[in-house]
Amino acid sequence: MPADVEPQSPDDLRDVLHQVTVERDGLAAELLRAYEHLGILFEVTRRLPTGRTAKEVVQVFVECLQQSYPGATVWIVPISPGAGIESPTKQAATADDAMVDTVVARCHAEGRATVEERGDEACMERQVLASPILAGEGVDCVIVVSQGADGCASHLLEAGDMQLMDSLCTFCVDLIRNLQLVDAMRRMSMDVVRVLVSTIDQKDEYTAGHSNRVAMYACMLGEALGFDDATLQTLEWAALLHDVGKIGIRDDVLKKPGRLTADEFEHIQSHPVRSAELVGQVPQLAEVVAGVRHHHEHYDGSGYPDRLAGEAIPLLARVIQVADVFDALTTTRSYRTAFTCEKALDILTSEAGTTVDAKLAAIFDGLIRLATADREDGLAMLRQRAEDSMRLTLQSCRSKTPANGVES
Ligand SMILES: [Fe+2]
């Protein structure tokens, strides 16, 4: 019965009531679905920013979707070759699935969410929804939500789910691009610092490349100690900058081939404090300062500048010190030639507990022996690795700045 016609009989009234009930149930179902979508939106936008890398963001996204669609299977299909994105539910994906292949190809080609269905309104056997995350830089992938693989399933995935997936994937891409931008800025800052410290190292021909090698050795040790990414980052900054204060040391002292006088020794011993003061001027490097200032403290308390002892010496400073001593021993100086790797490790071990932290020295010893095992040129190979990374940095800096010095 049309809605604008007055009911004339009890049957008409029943029809009207039936219509109202159907419309009410439809509205209630729509409202419930909208509420569920809002819940998914809230949960995904709350949890997604906890991902610190593109890979983590995508994985958190898939976990959220899996929780939001408990009857479905959610996984990632990488598009970029070698994307390296591991799907948390990869094992659930069937290797040979024509329906998935079709929907993924269409989704990738159209660049938006799309769905493939098998069955009809009465019996929806299966639905596969695919939505793209096209953020570039090797993280392009398609998120697949599949439900109802066996028999008839309720029609859970609707037009609203496609819109929601499109919005969430767009949010995901924005977040990944922001992370990529932050990472590019971080790498550029690190490149600038590498170039700066290499210039300072070259004040003395005997210390060329020293800070870069110390950073490499320190990060090897930091990784073996299980440092998290943030701590490793702080360590790398501190190791690169530990001797930056040498810029304030007079050349006649820094390059003096003979024995230093007491005054000259005092002057050169001021470099960790000078380094810490320089680094301390950058608020973002506040956590780096302690590792820089204390890299010449000795475990037995006989070092400088504050004569700290044992574990009172910040851990990052103790790590840098081991790396610093090893690089100094394996580099030719004005007063002696470089020790072999074996001899340098022996000296480091003999200094354990007095100059350097014994536990760290033992771990470092094992690491270097492992890295150079079965290679006569093992140490040269390690030093070459540091040089190669520096050369790549310089190439990268040159390619970013044209000859006229103006950024393109
Ligand atoms: Fe130093």
# chains A, B, ... in the order shown; residues from 1 in each chain; ligands from 1

$ residues_near_ligand --ligand "ligand 1" --cutoff "9 Å" --atoms "only C-alpha atoms and all ligand atoms" --output "list in words"
His242, Asp243, Val244, Gly245, Lys246, Ile268, Gln269, His271, Pro272, Ser275, Val292, His295, His296, Gln321 and Asp324 of chain A

$ residues_around --residues "range 215-225 of chain A" --least-positions-apart "4" --cutoff "6 Å" --atoms "only C-alpha atoms" --output "PyMOL selection string"
chain A and resi 236+239-240+319-320+323

$ select_by_dssp --residues "range 177-345 of chain A" --states "alpha helix (DSSP H)" --output "PyMOL selection string"
chain A and resi 177-201+210-224+229-241+251-254+262-268+271-279+289-293+315-329+341-345

$ residues_around --residues "Arg177 in chain A" --least-positions-apart "6" --cutoff "10 Å" --atoms "only C-alpha atoms" --output "PyMOL selection string"
chain A and resi 54+134-137+171+183

$ write_last_selection --atoms "N, CA, C and O atoms" --output "PDB file, in the first residue's frame"
ATOM      1  N   ALA A  54      56.835   1.935   8.017  1.00  0.00           N
ATOM      2  CA  ALA A  54      55.753   1.625   7.078  1.00  0.00           C
ATOM      3  C   ALA A  54      55.276   0.185   7.280  1.00  0.00           C
ATOM      4  O   ALA A  54      54.086  -0.106   7.300  1.00  0.00           O
ATOM      5  N   LEU A 134      49.117   2.362  -1.635  1.00  0.00           N
ATOM      6  CA  LEU A 134      50.137   2.696  -2.638  1.00  0.00           C
ATOM      7  C   LEU A 134      50.940   3.895  -2.143  1.00  0.00           C
ATOM      8  O   LEU A 134      50.637   5.045  -2.463  1.00  0.00           O
ATOM      9  N   ALA A 135      51.949   3.594  -1.311  1.00  0.00           N
ATOM     10  CA  ALA A 135      52.737   4.677  -0.706  1.00  0.00           C
ATOM     11  C   ALA A 135      54.110   4.814  -1.341  1.00  0.00           C
ATOM     12  O   ALA A 135      54.887   5.680  -0.954  1.00  0.00           O
ATOM     13  N   GLY A 136      54.436   3.950  -2.298  1.00  0.00           N
ATOM     14  CA  GLY A 136      55.741   4.015  -2.946  1.00  0.00           C
ATOM     15  C   GLY A 136      56.848   3.511  -2.037  1.00  0.00           C
ATOM     16  O   GLY A 136      56.599   2.958  -0.957  1.00  0.00           O
ATOM     17  N   GLU A 137      58.100   3.712  -2.486  1.00  0.00           N
ATOM     18  CA  GLU A 137      59.290   3.326  -1.731  1.00  0.00           C
ATOM     19  C   GLU A 137      59.228   1.882  -1.214  1.00  0.00           C
ATOM     20  O   GLU A 137      59.567   1.593  -0.070  1.00  0.00           O
ATOM     21  N   PHE A 171      44.262   6.958   4.909  1.00  0.00           N
ATOM     22  CA  PHE A 171      44.875   7.387   6.175  1.00  0.00           C
ATOM     23  C   PHE A 171      46.222   6.681   6.366  1.00  0.00           C
ATOM     24  O   PHE A 171      47.220   7.277   6.763  1.00  0.00           O
ATOM     25  N   ASP A 183      61.838  10.002   8.021  1.00  0.00           N
ATOM     26  CA  ASP A 183      63.032   9.174   7.854  1.00  0.00           C
ATOM     27  C   ASP A 183      64.030   9.839   6.903  1.00  0.00           C
ATOM     28  O   ASP A 183      65.233   9.818   7.140  1.00  0.00           O
TER      29      ASP A 183
END

$ closest_atom_pairs --of "range 159-245 of chain A" --to "range 31-41 of chain A" --cutoff "10 Å" --atoms "only C-alpha atoms" --output "tab-separated table"
residue	atom	partner	partner_atom	distance
A:Gly160	CA	A:His37	CA	8.1
A:Asp161	CA	A:His37	CA	7.7
A:Gln163	CA	A:His37	CA	10.0
A:Leu164	CA	A:His37	CA	7.1
A:Met165	CA	A:Leu41	CA	9.4
A:Ser167	CA	A:Leu41	CA	8.9
A:Leu168	CA	A:Leu41	CA	7.3

$ residues_around --residues "range 47-52 of chain A" --least-positions-apart "2" --cutoff "8 Å" --atoms "only C-alpha atoms" --output "MDAnalysis selection string"
chainID A and resid 43:45 54:57 60:61 64 172 175 179

$ closest_residue --among "A:Val145, A:Cys169, A:Ala371, A:Val288" --to "Pro70 in chain A" --atoms "only C-alpha atoms"
A:Val145

$ atom_distance --atom1 "CA of Leu379 in chain A" --atom2 "CA of Gly258 in chain A"
27.6 Å

$ residues_around --residues "Val62 in chain A" --least-positions-apart "3" --cutoff "7 Å" --atoms "only C-alpha atoms" --output "ChimeraX atom specification"
/A:58-59,65-66,74-75

$ write_last_selection --atoms "C-alpha atoms" --output "short mmCIF file (atom, residue, chain, number, x, y, z; two decimals), in the first residue's frame"
data_model
loop_
_atom_site.label_atom_id
_atom_site.label_comp_id
_atom_site.auth_asym_id
_atom_site.auth_seq_id
_atom_site.Cartn_x
_atom_site.Cartn_y
_atom_site.Cartn_z
CA VAL A 58 50.59 -1.98 7.60
CA GLN A 59 50.85 -4.84 10.09
CA LEU A 65 40.95 -5.30 10.54
CA GLN A 66 41.22 -8.91 11.65
CA VAL A 74 42.65 -10.53 6.43
CA TRP A 75 46.09 -10.54 4.83
#
